[in-house]
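One file, protein.txt, carrying compact mmCIF, C-alpha atoms and all ligand atoms:
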```txt
# COMPACT_ATOMS: atom_id res chain seq x y z
CA MET D 1 52.98 110.69 -195.69
CA LYS D 2 54.64 109.23 -192.56
CA ILE D 3 56.20 111.77 -190.22
CA ALA D 4 58.71 111.01 -187.43
CA LEU D 5 58.75 113.42 -184.50
CA GLY D 6 61.12 114.02 -181.64
CA SER D 7 62.01 116.65 -179.08
CA ASP D 8 63.91 117.30 -175.90
CA HIS D 9 62.23 118.61 -172.73
CA ALA D 10 62.39 122.21 -174.02
CA GLY D 11 60.41 121.25 -177.13
CA PHE D 12 58.08 118.76 -175.48
CA SER D 13 55.06 121.03 -175.14
CA LEU D 14 55.21 122.35 -178.73
CA LYS D 15 55.78 118.83 -180.05
CA LYS D 16 52.52 117.77 -178.36
CA GLU D 17 50.69 120.62 -180.13
CA ILE D 18 52.23 119.61 -183.46
CA ILE D 19 51.24 115.97 -182.94
CA LYS D 20 47.64 116.98 -182.12
CA HIS D 21 47.57 119.20 -185.22
CA LEU D 22 48.87 116.46 -187.52
CA GLU D 23 46.62 113.77 -186.05
CA GLU D 24 43.60 116.03 -186.60
CA LYS D 25 44.63 116.14 -190.26
CA GLY D 26 44.72 112.31 -190.30
CA MET D 27 48.46 112.11 -190.84
CA GLU D 28 50.45 109.04 -189.88
CA ILE D 29 52.97 110.04 -187.23
CA LYS D 30 55.31 108.40 -184.72
CA ASP D 31 56.74 110.14 -181.67
CA PHE D 32 60.29 109.00 -180.85
CA GLY D 33 60.37 110.89 -177.52
CA THR D 34 61.08 112.46 -175.20
CA TYR D 35 57.87 111.55 -173.44
CA THR D 36 58.13 113.73 -170.30
CA GLU D 37 59.24 117.23 -169.34
CA ASP D 38 62.23 115.84 -167.42
CA SER D 39 65.52 117.32 -168.53
CA CYS D 40 67.18 115.29 -171.27
CA ASP D 41 69.69 115.67 -174.12
CA TYR D 42 68.48 116.76 -177.57
CA PRO D 43 71.10 114.73 -179.55
CA ASP D 44 69.46 111.49 -178.35
CA PHE D 45 66.16 112.36 -180.04
CA ALA D 46 67.77 113.98 -183.06
CA LEU D 47 69.61 110.70 -183.66
CA LYS D 48 66.48 108.53 -183.40
CA VAL D 49 64.44 110.64 -185.84
CA ALA D 50 67.36 111.26 -188.20
CA GLU D 51 68.13 107.52 -188.45
CA GLU D 52 64.49 106.73 -189.21
CA VAL D 53 64.31 109.39 -191.93
CA SER D 54 67.70 108.46 -193.37
CA ALA D 55 66.59 104.80 -193.54
CA GLN D 56 63.45 106.03 -195.38
CA ASN D 57 61.15 104.49 -192.78
CA PHE D 58 59.60 107.95 -192.63
CA GLU D 59 59.39 110.48 -195.47
CA LEU D 60 59.99 113.53 -193.29
CA GLY D 61 60.87 114.35 -189.69
CA ILE D 62 60.05 117.16 -187.27
CA LEU D 63 62.30 117.94 -184.32
CA VAL D 64 61.71 120.47 -181.56
CA CYS D 65 64.08 121.80 -178.92
CA GLY D 66 64.40 125.19 -177.22
CA THR D 67 65.82 126.91 -180.28
CA GLY D 68 65.65 124.26 -183.02
CA ILE D 69 69.37 124.80 -183.45
CA GLY D 70 71.03 122.13 -181.31
CA ILE D 71 68.65 119.42 -182.45
CA SER D 72 69.18 120.33 -186.14
CA ILE D 73 72.97 120.38 -185.75
CA ALA D 74 72.82 116.88 -184.23
CA ALA D 75 70.43 115.53 -186.88
CA ASN D 76 72.65 116.86 -189.67
CA LYS D 77 75.47 114.54 -188.52
CA VAL D 78 73.49 111.55 -189.84
CA PRO D 79 74.31 110.89 -193.53
CA GLY D 80 71.45 111.75 -195.85
CA ILE D 81 69.86 114.19 -193.43
CA ARG D 82 69.21 117.79 -194.36
CA ALA D 83 67.65 119.33 -191.26
CA ALA D 84 66.56 122.97 -191.42
CA ALA D 85 65.90 125.10 -188.34
CA CYS D 86 63.07 127.44 -189.38
CA THR D 87 61.59 130.44 -187.61
CA ASP D 88 59.34 131.63 -190.45
CA THR D 89 57.23 130.25 -193.28
CA PHE D 90 59.52 131.56 -196.05
CA ALA D 91 62.36 129.40 -194.73
CA ALA D 92 59.91 126.50 -194.29
CA HIS D 93 59.05 126.36 -198.00
CA ALA D 94 62.48 127.44 -199.30
CA CYS D 95 64.23 124.65 -197.39
CA ARG D 96 61.99 122.08 -199.12
CA GLU D 97 62.04 123.70 -202.58
CA HIS D 98 65.77 124.47 -202.76
CA ASN D 99 67.50 122.29 -200.15
CA ASN D 100 65.22 119.23 -200.19
CA ALA D 101 65.26 119.40 -196.40
CA ASN D 102 63.96 116.16 -194.93
CA ILE D 103 63.76 117.31 -191.31
CA LEU D 104 62.18 120.49 -189.98
CA ALA D 105 63.55 121.79 -186.68
CA ILE D 106 61.64 124.33 -184.60
CA GLY D 107 62.45 126.19 -181.39
CA GLU D 108 59.69 126.26 -178.81
CA ARG D 109 61.41 129.17 -177.05
CA ILE D 110 61.48 131.20 -180.28
CA VAL D 111 58.19 130.70 -182.14
CA GLY D 112 54.66 130.68 -180.75
CA THR D 113 52.34 127.75 -181.35
CA GLY D 114 50.33 129.43 -184.13
CA LEU D 115 53.39 130.29 -186.20
CA ALA D 116 54.94 126.90 -185.48
CA LEU D 117 51.87 125.11 -186.90
CA ASP D 118 51.96 127.34 -190.01
CA ILE D 119 55.66 126.50 -190.41
CA VAL D 120 54.85 122.78 -190.12
CA ASP D 121 52.03 122.98 -192.69
CA THR D 122 54.17 125.02 -195.09
CA PHE D 123 57.08 122.57 -194.79
CA LEU D 124 54.86 119.52 -195.36
CA ASN D 125 53.02 121.06 -198.32
CA SER D 126 56.14 122.22 -200.19
CA LYS D 127 58.03 120.16 -202.76
CA PHE D 128 61.65 119.98 -203.90
CA GLU D 129 62.09 121.81 -207.21
CA GLY D 130 65.01 119.72 -208.48
CA GLY D 131 66.92 121.10 -211.47
CA ARG D 132 69.89 123.25 -210.48
CA HIS D 133 69.11 122.57 -206.82
CA GLN D 134 69.75 118.83 -207.28
CA ARG D 135 73.31 119.60 -208.40
CA ARG D 136 73.88 121.44 -205.13
CA ILE D 137 72.35 118.65 -203.04
CA ASP D 138 74.68 116.22 -204.86
CA LYS D 139 77.62 118.38 -203.76
CA ILE D 140 76.45 118.18 -200.15
CA THR D 141 76.34 114.39 -200.50
CA GLU D 142 79.90 114.47 -201.86
CA ILE D 143 81.02 116.33 -198.72
CA GLU D 144 79.43 113.58 -196.60
CA LYS D 145 81.23 110.91 -198.60
CA LYS D 146 84.57 112.70 -198.24
CA TYR D 147 84.42 112.36 -194.45
CA LYS D 148 82.89 108.86 -194.19
C1 LIG A 201 67.85 122.97 -173.52
O1 LIG A 201 67.96 123.80 -172.40
C2 LIG A 201 68.27 123.72 -174.75
O2 LIG A 201 69.63 124.02 -174.70
C3 LIG A 201 67.95 122.93 -176.00
O3 LIG A 201 66.58 122.64 -176.04
C4 LIG A 201 68.24 123.61 -177.33
O4 LIG A 201 67.73 124.90 -177.35
C5 LIG A 201 69.61 123.53 -177.81
O5 LIG A 201 69.93 123.95 -178.92
```
What is this file in structure tokens?
Amino acid sequence: MKIALGSDHAGFSLKKEIIKHLEEKGMEIKDFGTYTEDSCDYPDFALKVAEEVSAQNFELGILVCGTGIGISIAANKVPGIRAAACTDTFAAHACREHNNANILAIGERIVGTGLALDIVDTFLNSKFEGGRHQRRIDKITEIEKKYK
């Protein structure tokens, strides 16, 4: 599984921990920045990761900012992206199983590193359940089409 990662300055430190964690598991990852703690704008990195996931160059993405909220809002503007900001492991598996989320967003200022890594593992190990949930995803896609 190929994972695209991105963050702003407020998520930089947690992103580094997530990258270390995933590399230790032998996962194929690519970091689309930011690469320093200098102040920057989260939509820039949301866009890079969201475009890569939408183009199916990467199966899933992980984005980190201060709250996980701004970066998920930005990522969700890219057609085909379903980014979920998660602060617990229930949301991390439910967003895969029910919403077929393809990007996980986490807030470094909200969750500690241990919980964040559990959220990441839960997200990556959960699968979309399809069935009635696919009908709802199709309706989300219809909303995207309406405003294209
Ligand atoms: C940056 O200060 C902060 O606003 C950003 O990381 C994020 O939390 C926005 O949603």
Spatial neighbours of Gly61 of chain D, 12 Å, all atoms listed in the file, chain gap at least 2 places, as an MDAnalysis selection string: chainID D and resid 1:7 15 18:19 28:32 45:59 63:64 71:72 75 81:85 101:106 120 123:124
For ligand LIG 201 (chain A), which of D:His93, D:His133, D:His21, D:Arg109 is the closest residue, counting all atoms listed in the file?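 Smallest separation from ligand LIG 201 (chain A) among the options: D:Arg109.
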Please provide the set of residues having any atom within 12 Å of Asp121 of chain D, restricted to all atoms listed in the file, with same-chain residues fewer than 2 positions apart removed, written as a list in words. Ile18, His21, Leu22, Lys25, Met27, Ile62, Asp88, Thr89, Phe90, Ala92, His93, Arg96, Leu104, Gly114, Leu115, Ala116, Leu117, Asp118, Ile119, Phe123, Leu124, Asn125 and Ser126 of chain D
Distance in Å - atom O2 of ligand LIG 201 (chain A) versus atom CA of Ala91 of chain D: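 A separation of 22.0 Å between them.
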Using only C-alpha atoms and all ligand atoms, find the one residue out of D:Ile137, D:Ile73, D:Leu14, D:Leu60 that sits nearest to ligand LIG 201 (chain A).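 When distances to ligand LIG 201 (chain A) are compared using only C-alpha atoms and all ligand atoms, the smallest one comes from D:Ile73.
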Residues within 9 Å of ligand LIG 201 (chain A) should be enumerated using all atoms listed in the file and returned as an NGL selection string. :D and (7-11 or 39-42 or 64-73 or 107-109)
May I ask for the distance between atom CA of Phe12 of chain D and atom CA of Thr34 of chain D, given in Å to one decimal place?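 Atom CA of Thr34 of chain D lies 7.0 Å from atom CA of Phe12 of chain D.
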From the list D:Pro43, D:Gln134, D:Glu24, D:Asn100, the nearest residue to Lys77 of chain D using all atoms listed in the file is D:Pro43
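Considering the residues D:Thr113, D:Asp38, D:Tyr147, D:Ile140 and counting all atoms listed in the file, Glu17 of chain D has its shortest atom-to-atom contact with D:Thr113.
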Distance criterion (all atoms listed in the file): nearest to Ala74 of chain D out of D:Glu129, D:Glu37, D:Asp44, D:Asp138: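 So, comparing all the options, the nearest one is D:Asp44.
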Length of the atom CA of Cys86 of chain D to atom CA of Asn99 of chain D vector [Å]: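 It comes out at 12.7 Å.
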